[in-house]
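Here is work.pdb, consisting of PDB, C-alpha atoms, pLDDT in the B column:
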ATOM      1  CA  MET A   1     110.803 109.351 113.702  1.00 44.00           C
ATOM      2  CA  SER A   2     108.264 110.970 116.007  1.00 47.00           C
ATOM      3  CA  VAL A   3     105.132 110.179 117.946  1.00 48.00           C
ATOM      4  CA  VAL A   4     101.816 111.071 116.347  1.00 46.00           C
ATOM      5  CA  MET A   5      99.976 113.406 118.687  1.00 51.00           C
ATOM      6  CA  ASN A   6      96.395 112.229 119.081  1.00 48.00           C
ATOM      7  CA  GLU A   7      93.542 114.639 119.709  1.00 50.00           C
ATOM      8  CA  GLY A   8      93.516 115.805 123.304  1.00 53.00           C
ATOM      9  CA  ARG A   9      97.047 114.522 124.007  1.00 78.00           C
ATOM     10  CA  GLU A  10      99.786 116.686 125.370  1.00 89.00           C
ATOM     11  CA  PHE A  11     103.534 116.248 125.769  1.00 94.00           C
ATOM     12  CA  ASN A  12     105.252 117.915 128.685  1.00 96.00           C
ATOM     13  CA  LEU A  13     108.998 118.478 128.482  1.00 97.00           C
ATOM     14  CA  LEU A  14     111.127 119.920 131.283  1.00 97.00           C
ATOM     15  CA  ILE A  15     114.597 121.362 130.744  1.00 97.00           C
ATOM     16  CA  ALA A  16     116.627 121.864 133.913  1.00 96.00           C
ATOM     17  CA  GLY A  17     120.113 123.273 134.366  1.00 93.00           C
ATOM     18  CA  VAL A  18     121.945 126.404 135.375  1.00 90.00           C
ATOM     19  CA  GLY A  19     122.445 129.687 133.581  1.00 86.00           C
ATOM     20  CA  GLY A  20     125.147 129.551 130.930  1.00 85.00           C
ATOM     21  CA  GLN A  21     124.649 125.901 129.928  1.00 91.00           C
ATOM     22  CA  GLY A  22     122.643 126.628 126.791  1.00 92.00           C
ATOM     23  CA  THR A  23     119.258 125.493 128.091  1.00 93.00           C
ATOM     24  CA  ILE A  24     117.552 128.553 126.613  1.00 91.00           C
ATOM     25  CA  THR A  25     118.945 127.834 123.141  1.00 94.00           C
ATOM     26  CA  ALA A  26     117.760 124.234 123.447  1.00 96.00           C
ATOM     27  CA  SER A  27     114.280 125.520 124.323  1.00 94.00           C
ATOM     28  CA  HIS A  28     114.287 127.807 121.275  1.00 94.00           C
ATOM     29  CA  VAL A  29     115.291 124.957 118.952  1.00 96.00           C
ATOM     30  CA  ILE A  30     112.540 122.703 120.234  1.00 96.00           C
ATOM     31  CA  GLY A  31     110.012 125.536 120.201  1.00 94.00           C
ATOM     32  CA  LYS A  32     110.708 126.378 116.559  1.00 95.00           C
ATOM     33  CA  ALA A  33     110.397 122.731 115.579  1.00 96.00           C
ATOM     34  CA  VAL A  34     107.089 122.359 117.446  1.00 93.00           C
ATOM     35  CA  LEU A  35     105.545 125.474 115.921  1.00 92.00           C
ATOM     36  CA  SER A  36     106.575 124.458 112.408  1.00 93.00           C
ATOM     37  CA  SER A  37     104.870 121.104 113.041  1.00 90.00           C
ATOM     38  CA  GLY A  38     101.532 122.828 113.643  1.00 89.00           C
ATOM     39  CA  LEU A  39     101.107 121.915 117.308  1.00 89.00           C
ATOM     40  CA  ASN A  40      99.988 124.205 120.093  1.00 89.00           C
ATOM     41  CA  PHE A  41     103.009 125.190 122.130  1.00 90.00           C
ATOM     42  CA  ILE A  42     103.810 127.209 125.198  1.00 92.00           C
ATOM     43  CA  ILE A  43     107.003 127.785 127.167  1.00 90.00           C
ATOM     44  CA  GLY A  44     106.422 128.220 130.866  1.00 88.00           C
ATOM     45  CA  GLU A  45     108.303 130.353 133.333  1.00 71.00           C
ATOM     46  CA  ILE A  46     112.092 130.160 133.194  1.00 70.00           C
ATOM     47  CA  PHE A  47     113.830 130.716 136.508  1.00 65.00           C
ATOM     48  CA  GLY A  48     117.247 132.198 137.101  1.00 57.00           C
ATOM     49  CA  MET A  49     117.836 133.692 133.646  1.00 47.00           C
ATOM     50  CA  SER A  50     119.186 136.913 135.138  1.00 45.00           C
ATOM     51  CA  MET A  51     122.013 135.194 137.012  1.00 57.00           C
ATOM     52  CA  ARG A  52     124.701 133.158 135.295  1.00 62.00           C
ATOM     53  CA  GLY A  53     124.976 130.013 137.366  1.00 66.00           C
ATOM     54  CA  GLY A  54     121.458 130.403 138.755  1.00 80.00           C
ATOM     55  CA  PRO A  55     118.950 127.566 138.415  1.00 85.00           C
ATOM     56  CA  VAL A  56     117.012 127.413 135.157  1.00 90.00           C
ATOM     57  CA  LEU A  57     113.843 125.393 134.646  1.00 94.00           C
ATOM     58  CA  SER A  58     111.834 125.571 131.448  1.00 94.00           C
ATOM     59  CA  HIS A  59     108.387 124.044 130.927  1.00 95.00           C
ATOM     60  CA  LEU A  60     107.732 123.215 127.268  1.00 96.00           C
ATOM     61  CA  ARG A  61     104.180 122.041 126.743  1.00 95.00           C
ATOM     62  CA  MET A  62     102.913 120.943 123.351  1.00 93.00           C
ATOM     63  CA  GLY A  63      99.977 119.139 121.773  1.00 85.00           C
ATOM     64  CA  ASN A  64      96.464 119.541 120.435  1.00 77.00           C
ATOM     65  CA  VAL A  65      95.017 120.983 123.626  1.00 74.00           C
ATOM     66  CA  ASP A  66      95.081 124.301 125.428  1.00 75.00           C
ATOM     67  CA  PHE A  67      97.122 124.325 128.605  1.00 79.00           C
ATOM     68  CA  SER A  68      98.667 126.533 131.249  1.00 87.00           C
ATOM     69  CA  PRO A  69     102.351 127.579 131.029  1.00 89.00           C
ATOM     70  CA  ILE A  70     103.528 125.464 133.969  1.00 92.00           C
ATOM     71  CA  THR A  71     103.483 121.660 133.947  1.00 94.00           C
ATOM     72  CA  PRO A  72     101.271 120.308 136.737  1.00 94.00           C
ATOM     73  CA  LYS A  73     103.142 118.465 139.467  1.00 95.00           C
ATOM     74  CA  GLY A  74     103.809 114.861 138.496  1.00 96.00           C
ATOM     75  CA  LYS A  75     102.823 115.346 134.844  1.00 95.00           C
ATOM     76  CA  GLY A  76     106.195 115.801 133.109  1.00 96.00           C
ATOM     77  CA  ASP A  77     106.833 113.208 130.388  1.00 97.00           C
ATOM     78  CA  VAL A  78     110.551 113.806 129.856  1.00 98.00           C
ATOM     79  CA  LEU A  79     113.125 115.743 131.830  1.00 98.00           C
ATOM     80  CA  LEU A  80     116.179 116.971 129.958  1.00 98.00           C
ATOM     81  CA  GLY A  81     118.651 117.538 132.760  1.00 97.00           C
ATOM     82  CA  PHE A  82     121.757 119.536 131.912  1.00 97.00           C
ATOM     83  CA  GLU A  83     123.038 119.402 135.497  1.00 94.00           C
ATOM     84  CA  PRO A  84     122.651 116.479 137.967  1.00 94.00           C
ATOM     85  CA  MET A  85     121.438 118.371 141.030  1.00 92.00           C
ATOM     86  CA  GLU A  86     119.042 120.562 139.068  1.00 92.00           C
ATOM     87  CA  SER A  87     117.781 117.411 137.337  1.00 96.00           C
ATOM     88  CA  LEU A  88     116.882 115.888 140.686  1.00 96.00           C
ATOM     89  CA  ARG A  89     115.193 119.061 141.904  1.00 92.00           C
ATOM     90  CA  ALA A  90     112.976 119.225 138.819  1.00 96.00           C
ATOM     91  CA  ALA A  91     112.246 115.490 138.636  1.00 97.00           C
ATOM     92  CA  THR A  92     111.179 115.324 142.275  1.00 97.00           C
ATOM     93  CA  LYS A  93     108.493 117.912 141.699  1.00 96.00           C
ATOM     94  CA  TYR A  94     107.344 117.544 138.119  1.00 97.00           C
ATOM     95  CA  LEU A  95     108.147 114.149 136.547  1.00 97.00           C
ATOM     96  CA  ARG A  96     105.289 111.686 136.159  1.00 96.00           C
ATOM     97  CA  PRO A  97     105.604 108.066 137.345  1.00 91.00           C
ATOM     98  CA  GLY A  98     107.466 106.205 134.619  1.00 91.00           C
ATOM     99  CA  GLY A  99     108.693 109.432 133.034  1.00 96.00           C
ATOM    100  CA  ILE A 100     112.108 109.589 131.397  1.00 97.00           C
ATOM    101  CA  VAL A 101     115.106 111.465 132.767  1.00 98.00           C
ATOM    102  CA  ILE A 102     117.981 112.228 130.390  1.00 98.00           C
ATOM    103  CA  ALA A 103     120.758 113.501 132.634  1.00 98.00           C
ATOM    104  CA  ASN A 104     124.118 115.002 131.846  1.00 98.00           C
ATOM    105  CA  THR A 105     126.493 113.652 134.509  1.00 97.00           C
ATOM    106  CA  LYS A 106     128.893 116.603 134.312  1.00 94.00           C
ATOM    107  CA  ARG A 107     128.607 118.694 137.478  1.00 90.00           C
ATOM    108  CA  HIS A 108     128.054 122.431 136.992  1.00 82.00           C
ATOM    109  CA  CYS A 109     127.580 123.876 140.459  1.00 73.00           C
ATOM    110  CA  PRO A 110     124.473 126.051 140.882  1.00 67.00           C
ATOM    111  CA  ILE A 111     125.071 129.451 142.469  1.00 69.00           C
ATOM    112  CA  ASP A 112     123.676 128.386 145.848  1.00 65.00           C
ATOM    113  CA  ILE A 113     126.317 125.639 146.019  1.00 67.00           C
ATOM    114  CA  SER A 114     129.085 128.043 144.979  1.00 63.00           C
ATOM    115  CA  LEU A 115     128.006 130.445 147.720  1.00 66.00           C
ATOM    116  CA  GLY A 116     128.355 127.692 150.285  1.00 65.00           C
ATOM    117  CA  ASN A 117     124.656 127.468 151.129  1.00 68.00           C
ATOM    118  CA  TYR A 118     124.536 123.741 150.359  1.00 75.00           C
ATOM    119  CA  ILE A 119     126.938 120.842 149.956  1.00 81.00           C
ATOM    120  CA  TYR A 120     126.948 119.140 146.557  1.00 84.00           C
ATOM    121  CA  PRO A 121     126.178 115.408 146.979  1.00 89.00           C
ATOM    122  CA  PRO A 122     128.240 112.757 145.148  1.00 94.00           C
ATOM    123  CA  ILE A 123     127.090 112.254 141.538  1.00 94.00           C
ATOM    124  CA  ASP A 124     126.353 108.547 142.060  1.00 96.00           C
ATOM    125  CA  ILE A 125     123.972 109.415 144.897  1.00 96.00           C
ATOM    126  CA  LEU A 126     122.130 111.933 142.720  1.00 96.00           C
ATOM    127  CA  LEU A 127     121.801 109.387 139.916  1.00 97.00           C
ATOM    128  CA  LYS A 128     120.493 106.709 142.279  1.00 97.00           C
ATOM    129  CA  ASP A 129     117.877 109.152 143.537  1.00 97.00           C
ATOM    130  CA  LEU A 130     116.887 109.981 139.962  1.00 97.00           C
ATOM    131  CA  GLU A 131     116.463 106.273 139.181  1.00 96.00           C
ATOM    132  CA  LYS A 132     113.924 106.047 141.987  1.00 96.00           C
ATOM    133  CA  ILE A 133     111.811 108.718 140.309  1.00 96.00           C
ATOM    134  CA  GLY A 134     111.918 107.883 136.603  1.00 95.00           C
ATOM    135  CA  LYS A 135     113.568 105.882 133.842  1.00 96.00           C
ATOM    136  CA  LEU A 136     117.089 107.266 133.846  1.00 97.00           C
ATOM    137  CA  ILE A 137     119.544 107.473 130.970  1.00 98.00           C
ATOM    138  CA  SER A 138     122.695 109.314 132.041  1.00 98.00           C
ATOM    139  CA  PHE A 139     125.952 110.151 130.276  1.00 98.00           C
ATOM    140  CA  ASP A 140     128.596 112.865 130.066  1.00 98.00           C
ATOM    141  CA  ALA A 141     127.043 115.091 127.415  1.00 98.00           C
ATOM    142  CA  THR A 142     129.736 117.722 127.957  1.00 97.00           C
ATOM    143  CA  SER A 143     132.520 115.328 126.934  1.00 97.00           C
ATOM    144  CA  ILE A 144     130.523 114.228 123.885  1.00 98.00           C
ATOM    145  CA  ALA A 145     130.115 117.864 122.819  1.00 98.00           C
ATOM    146  CA  LYS A 146     133.853 118.384 123.230  1.00 97.00           C
ATOM    147  CA  GLU A 147     134.447 115.353 121.015  1.00 98.00           C
ATOM    148  CA  ALA A 148     132.063 116.812 118.441  1.00 98.00           C
ATOM    149  CA  GLY A 149     134.168 119.962 118.306  1.00 96.00           C
ATOM    150  CA  ASN A 150     132.910 122.434 120.892  1.00 97.00           C
ATOM    151  CA  VAL A 151     131.817 122.059 124.506  1.00 96.00           C
ATOM    152  CA  VAL A 152     129.213 124.772 123.856  1.00 96.00           C
ATOM    153  CA  ALA A 153     127.298 122.194 121.793  1.00 98.00           C
ATOM    154  CA  THR A 154     126.378 120.263 124.947  1.00 97.00           C
ATOM    155  CA  ASN A 155     122.838 121.558 124.512  1.00 98.00           C
ATOM    156  CA  MET A 156     122.619 119.987 121.039  1.00 98.00           C
ATOM    157  CA  VAL A 157     123.845 116.663 122.429  1.00 98.00           C
ATOM    158  CA  MET A 158     120.959 116.818 124.883  1.00 98.00           C
ATOM    159  CA  VAL A 159     118.434 117.745 122.185  1.00 98.00           C
ATOM    160  CA  GLY A 160     119.680 114.793 120.126  1.00 98.00           C
ATOM    161  CA  ALA A 161     119.171 112.466 123.082  1.00 98.00           C
ATOM    162  CA  LEU A 162     115.643 113.814 123.478  1.00 98.00           C
ATOM    163  CA  VAL A 163     114.867 113.006 119.844  1.00 97.00           C
ATOM    164  CA  GLY A 164     116.373 109.558 120.435  1.00 97.00           C
ATOM    165  CA  THR A 165     113.508 108.721 122.815  1.00 96.00           C
ATOM    166  CA  ASP A 166     111.089 108.752 119.835  1.00 95.00           C
ATOM    167  CA  LEU A 167     108.614 110.487 122.152  1.00 93.00           C
ATOM    168  CA  LEU A 168     108.955 114.035 120.851  1.00 92.00           C
ATOM    169  CA  PRO A 169     105.914 114.654 118.610  1.00 90.00           C
ATOM    170  CA  ILE A 170     107.992 116.370 115.925  1.00 92.00           C
ATOM    171  CA  PRO A 171     109.463 114.992 112.680  1.00 94.00           C
ATOM    172  CA  LEU A 172     113.257 114.772 112.701  1.00 96.00           C
ATOM    173  CA  PRO A 173     113.703 117.135 109.703  1.00 96.00           C
ATOM    174  CA  LYS A 174     111.851 119.858 111.619  1.00 97.00           C
ATOM    175  CA  VAL A 175     114.335 119.620 114.480  1.00 97.00           C
ATOM    176  CA  ILE A 176     117.323 119.713 112.153  1.00 97.00           C
ATOM    177  CA  LYS A 177     115.938 122.766 110.368  1.00 97.00           C
ATOM    178  CA  ALA A 178     115.326 124.487 113.702  1.00 98.00           C
ATOM    179  CA  ILE A 179     118.956 123.883 114.701  1.00 98.00           C
ATOM    180  CA  GLU A 180     120.163 125.356 111.408  1.00 97.00           C
ATOM    181  CA  GLU A 181     117.972 128.428 111.939  1.00 97.00           C
ATOM    182  CA  THR A 182     118.913 128.956 115.593  1.00 96.00           C
ATOM    183  CA  VAL A 183     122.673 128.497 115.945  1.00 95.00           C
ATOM    184  CA  THR A 184     125.209 130.759 114.260  1.00 94.00           C
ATOM    185  CA  PRO A 185     126.171 129.758 110.692  1.00 95.00           C
ATOM    186  CA  ARG A 186     129.688 128.827 111.746  1.00 95.00           C
ATOM    187  CA  GLY A 187     128.310 126.615 114.505  1.00 96.00           C
ATOM    188  CA  VAL A 188     125.878 124.590 112.401  1.00 97.00           C
ATOM    189  CA  GLU A 189     128.267 121.784 111.447  1.00 98.00           C
ATOM    190  CA  VAL A 190     129.423 121.118 115.015  1.00 98.00           C
ATOM    191  CA  SER A 191     125.884 121.494 116.367  1.00 98.00           C
ATOM    192  CA  LEU A 192     124.476 118.903 113.972  1.00 98.00           C
ATOM    193  CA  LYS A 193     127.357 116.538 114.712  1.00 98.00           C
ATOM    194  CA  ALA A 194     126.718 116.928 118.446  1.00 98.00           C
ATOM    195  CA  PHE A 195     122.989 116.412 117.870  1.00 98.00           C
ATOM    196  CA  ASN A 196     123.559 113.149 116.007  1.00 98.00           C
ATOM    197  CA  MET A 197     126.006 111.924 118.643  1.00 98.00           C
ATOM    198  CA  GLY A 198     123.437 112.625 121.358  1.00 98.00           C
ATOM    199  CA  LEU A 199     120.755 110.775 119.430  1.00 98.00           C
ATOM    200  CA  GLU A 200     122.984 107.738 118.982  1.00 98.00           C
ATOM    201  CA  ILE A 201     124.236 107.608 122.575  1.00 98.00           C
ATOM    202  CA  TYR A 202     120.679 107.692 123.887  1.00 98.00           C
ATOM    203  CA  LYS A 203     119.602 104.821 121.637  1.00 97.00           C
ATOM    204  CA  LYS A 204     122.711 102.820 122.567  1.00 97.00           C
ATOM    205  CA  LEU A 205     122.321 103.288 126.313  1.00 97.00           C
ATOM    206  CA  SER A 206     118.560 102.731 126.185  1.00 95.00           C
ATOM    207  CA  LYS A 207     119.046  99.451 124.327  1.00 94.00           C
ATOM    208  CA  GLU A 208     121.705  98.315 126.815  1.00 93.00           C
ATOM    209  CA  LYS A 209     119.453  99.170 129.753  1.00 90.00           C
ATOM    210  CA  HIS A 210     116.555  97.297 128.188  1.00 83.00           C
ATOM    211  CA  MET A 211     118.720  94.219 127.755  1.00 87.00           C
ATOM    212  CA  GLU A 212     119.939  94.429 131.363  1.00 86.00           C
ATOM    213  CA  ASN A 213     116.384  94.667 132.662  1.00 84.00           C
ATOM    214  CA  ASN A 214     115.389  91.565 130.721  1.00 81.00           C
ATOM    215  CA  LEU A 215     118.217  89.332 131.932  1.00 71.00           C
TER     216      LEU A 215
END
Transcribe the structure of this file into structure tokens.
Amino acid sequence: MSVVMNEGREFNLLIAGVGGQGTITASHVIGKAVLSSGLNFIIGEIFGMSMRGGPVLSHLRMGNVDFSPITPKGKGDVLLGFEPMESLRAATKYLRPGGIVIANTKRHCPIDISLGNYIYPPIDILLKDLEKIGKLISFDATSIAKEAGNVVATNMVMVGALVGTDLLPIPLPKVIKAIEETVTPRGVEVSLKAFNMGLEIYKKLSKEKHMENNL
């Protein structure tokens, strides 16, 4: 299932994490799926690629309009956060009011934390701050990937959760094909399993949150 992109509509996706978490591969999967769906697409500047453990923020903009590479402040529709602190940094600047945050709760210290420049706040504090900014769905995507067969597939868990929102303007088969074309042949089975697990956990948690909010 996917959203039909009306004329003049755009969808702004942010992917935040640190180098080495597979955010770039996730961007490539989504990019291939978007292009094969016939939508305009541009990936904005990616920060920290040259340093493993450095902050990474990708702007993926898609739709039937022409746009600049970087999402305007407060215009992000969905934030895919691979790392809690980097999720908060990106959401604070770019997420729109009412936007969705999908956050992996597994801490992966950015390089500035490892160097002792900052103190890493407790995870529950970061999540509470994220809830003040957008509609938060959080879970341990790293553990789910491990259950699927390989912790490296954390990025596919996150892509699955993104598809679970039903907001991505791309048909599901296009995403699956993009995964098959992007990951190594020996990694396809685990990647697709991780993808499906991410999709299901998002739908489950989203339904539970909806029920809680309506009590």
Which residues come within 7 Å of region 140-155 of chain A, counting all atoms listed in the file, excluding same-chain residues fewer than 4 positions away, as a CSV table (one decimal) with C-alpha atoms, in the frame of the given file?
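Final output, around04.csv:
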chain,number,residue,atom,x,y,z
A,22,GLY,CA,122.6,126.6,126.8
A,23,THR,CA,119.3,125.5,128.1
A,26,ALA,CA,117.8,124.2,123.4
A,104,ASN,CA,124.1,115.0,131.8
A,105,THR,CA,126.5,113.7,134.5
A,106,LYS,CA,128.9,116.6,134.3
A,159,VAL,CA,118.4,117.7,122.2
A,190,VAL,CA,129.4,121.1,115.0
A,191,SER,CA,125.9,121.5,116.4
A,193,LYS,CA,127.4,116.5,114.7
A,194,ALA,CA,126.7,116.9,118.4
Result set of the PyMOL selection byres ((chain A and resi 170) around 12) on the coordinates above, as an NGL selection string: :A and (1-5 or 11 or 29-41 or 62-63 or 162-169 or 171-178)
Please return the centre and edge lengths, in Å to one decimal, of a box with edges along x, y and z that contains all listed atoms of region 65-72 of chain A, widened by 6 Å on every side, as JSON.
{"center_x": 99.3, "center_y": 123.9, "center_z": 130.2, "size_x": 20.5, "size_y": 19.3, "size_z": 25.1}
Answer key for the PyMOL selection byres ((chain A and resi 80-95) around 8), residues as number ranges by chain: A: 13-18, 21, 23, 55, 57, 71-79, 96-97, 99-108, 110, 120, 123, 126-127, 129-130, 133-134, 155, 158, 162
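The spacing separating CA of Asn196 (chain A) from CA of Gly160 (chain A) amounts to 5.9 Å.
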Interatomic distance (Å, one decimal) between CA of Ile201 (chain A) and CA of Phe139 (chain A): 8.3 Å
d(CA of Arg186 (chain A), CA of Gly19 (chain A)) in Å: 23.0 Å
Answer key for the PyMOL selection byres ((chain A and resi 59) around 6), residues as a PyMOL selection string: chain A and resi 14+43-44+58+60+70
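Remark: for Arg9 (chain A), the closest of the candidate residues A:Met211, A:Leu192, A:Ile42, A:Val65 is A:Val65 (distances computed over all atoms listed in the file).
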Pick from A:Thr182, A:Asn214, A:Ser68, A:Ser206 nearest to Ser27 (chain A), counting all atoms listed in the file: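 Nearest to Ser27 (chain A): A:Thr182.
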Best match for closeness to Lys132 (chain A) among A:Gly54, A:Gly98, A:Gly198, A:Glu180, counting all atoms listed in the file: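 Between A:Gly54, A:Gly98, A:Gly198, A:Glu180, the residue approaching Lys132 (chain A) most closely is A:Gly98.
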Minimum-distance residue to Asn64 (chain A), chosen among A:Glu10, A:Phe195, A:Ala161, A:Pro122 (using only C-alpha atoms): A:Glu10
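Closest approach to Lys204 (chain A) from the set A:Ile137, A:Met156, A:Ile179, A:Asp66 is made by A:Ile137, with distances taken over only C-alpha atoms.
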Output file: region 134-202 of chain A, C-alpha atoms, as a tab-separated table (two decimals), in the first residue's frame:
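Ended up saving to decode_22.tsv:
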chain	number	residue	atom	x	y	z
A	134	GLY	CA	6.31	14.65	16.53
A	135	LYS	CA	4.32	11.43	16.61
A	136	LEU	CA	6.85	8.96	17.96
A	137	ILE	CA	7.05	5.23	17.35
A	138	SER	CA	10.17	3.78	18.98
A	139	PHE	CA	11.56	0.26	19.26
A	140	ASP	CA	14.86	-1.63	19.32
A	141	ALA	CA	15.39	-2.14	15.60
A	142	THR	CA	18.86	-3.56	16.23
A	143	SER	CA	17.50	-6.45	18.30
A	144	ILE	CA	14.83	-7.14	15.67
A	145	ALA	CA	17.52	-7.31	12.97
A	146	LYS	CA	19.50	-9.73	15.13
A	147	GLU	CA	16.38	-11.88	15.46
A	148	ALA	CA	15.96	-11.79	11.69
A	149	GLY	CA	19.45	-13.20	11.28
A	150	ASN	CA	21.95	-10.35	11.08
A	151	VAL	CA	22.34	-7.12	13.03
A	152	VAL	CA	23.53	-5.47	9.80
A	153	ALA	CA	19.92	-5.66	8.58
A	154	THR	CA	18.88	-2.97	11.08
A	155	ASN	CA	18.55	-0.59	8.15
A	156	MET	CA	16.01	-2.90	6.48
A	157	VAL	CA	14.00	-3.08	9.71
A	158	MET	CA	13.82	0.70	9.61
A	159	VAL	CA	12.84	0.78	5.93
A	160	GLY	CA	10.09	-1.74	6.70
A	161	ALA	CA	8.79	0.48	9.50
A	162	LEU	CA	8.77	3.42	7.09
A	163	VAL	CA	6.64	1.46	4.63
A	164	GLY	CA	4.38	0.52	7.55
A	165	THR	CA	3.32	4.18	7.89
A	166	ASP	CA	1.51	3.92	4.52
A	167	LEU	CA	2.82	7.42	3.80
A	168	LEU	CA	5.64	6.53	1.42
A	169	PRO	CA	4.34	7.27	-2.10
A	170	ILE	CA	5.77	4.05	-3.53
A	171	PRO	CA	4.10	0.67	-4.17
A	172	LEU	CA	5.34	-2.10	-1.88
A	173	PRO	CA	6.63	-4.30	-4.76
A	174	LYS	CA	8.91	-1.45	-5.86
A	175	VAL	CA	10.53	-1.34	-2.43
A	176	ILE	CA	11.00	-5.10	-2.31
A	177	LYS	CA	12.59	-5.09	-5.76
A	178	ALA	CA	14.90	-2.26	-4.73
A	179	ILE	CA	16.05	-4.27	-1.70
A	180	GLU	CA	16.75	-7.29	-3.91
A	181	GLU	CA	18.78	-5.11	-6.29
A	182	THR	CA	20.74	-3.28	-3.59
A	183	VAL	CA	21.86	-5.82	-0.98
A	184	THR	CA	24.25	-8.66	-1.74
A	185	PRO	CA	22.62	-11.86	-3.08
A	186	ARG	CA	23.46	-13.77	0.08
A	187	GLY	CA	21.87	-11.04	2.19
A	188	VAL	CA	18.54	-10.84	0.39
A	189	GLU	CA	16.68	-13.43	2.48
A	190	VAL	CA	17.65	-11.89	5.83
A	191	SER	CA	17.08	-8.36	4.52
A	192	LEU	CA	13.54	-9.14	3.38
A	193	LYS	CA	12.79	-10.90	6.66
A	194	ALA	CA	14.06	-7.87	8.58
A	195	PHE	CA	12.03	-5.58	6.32
A	196	ASN	CA	8.81	-7.48	6.98
A	197	MET	CA	9.49	-7.56	10.72
A	198	GLY	CA	9.99	-3.79	10.71
A	199	LEU	CA	6.76	-3.28	8.80
A	200	GLU	CA	4.81	-5.42	11.24
A	201	ILE	CA	6.29	-3.90	14.40
A	202	TYR	CA	5.44	-0.40	13.20
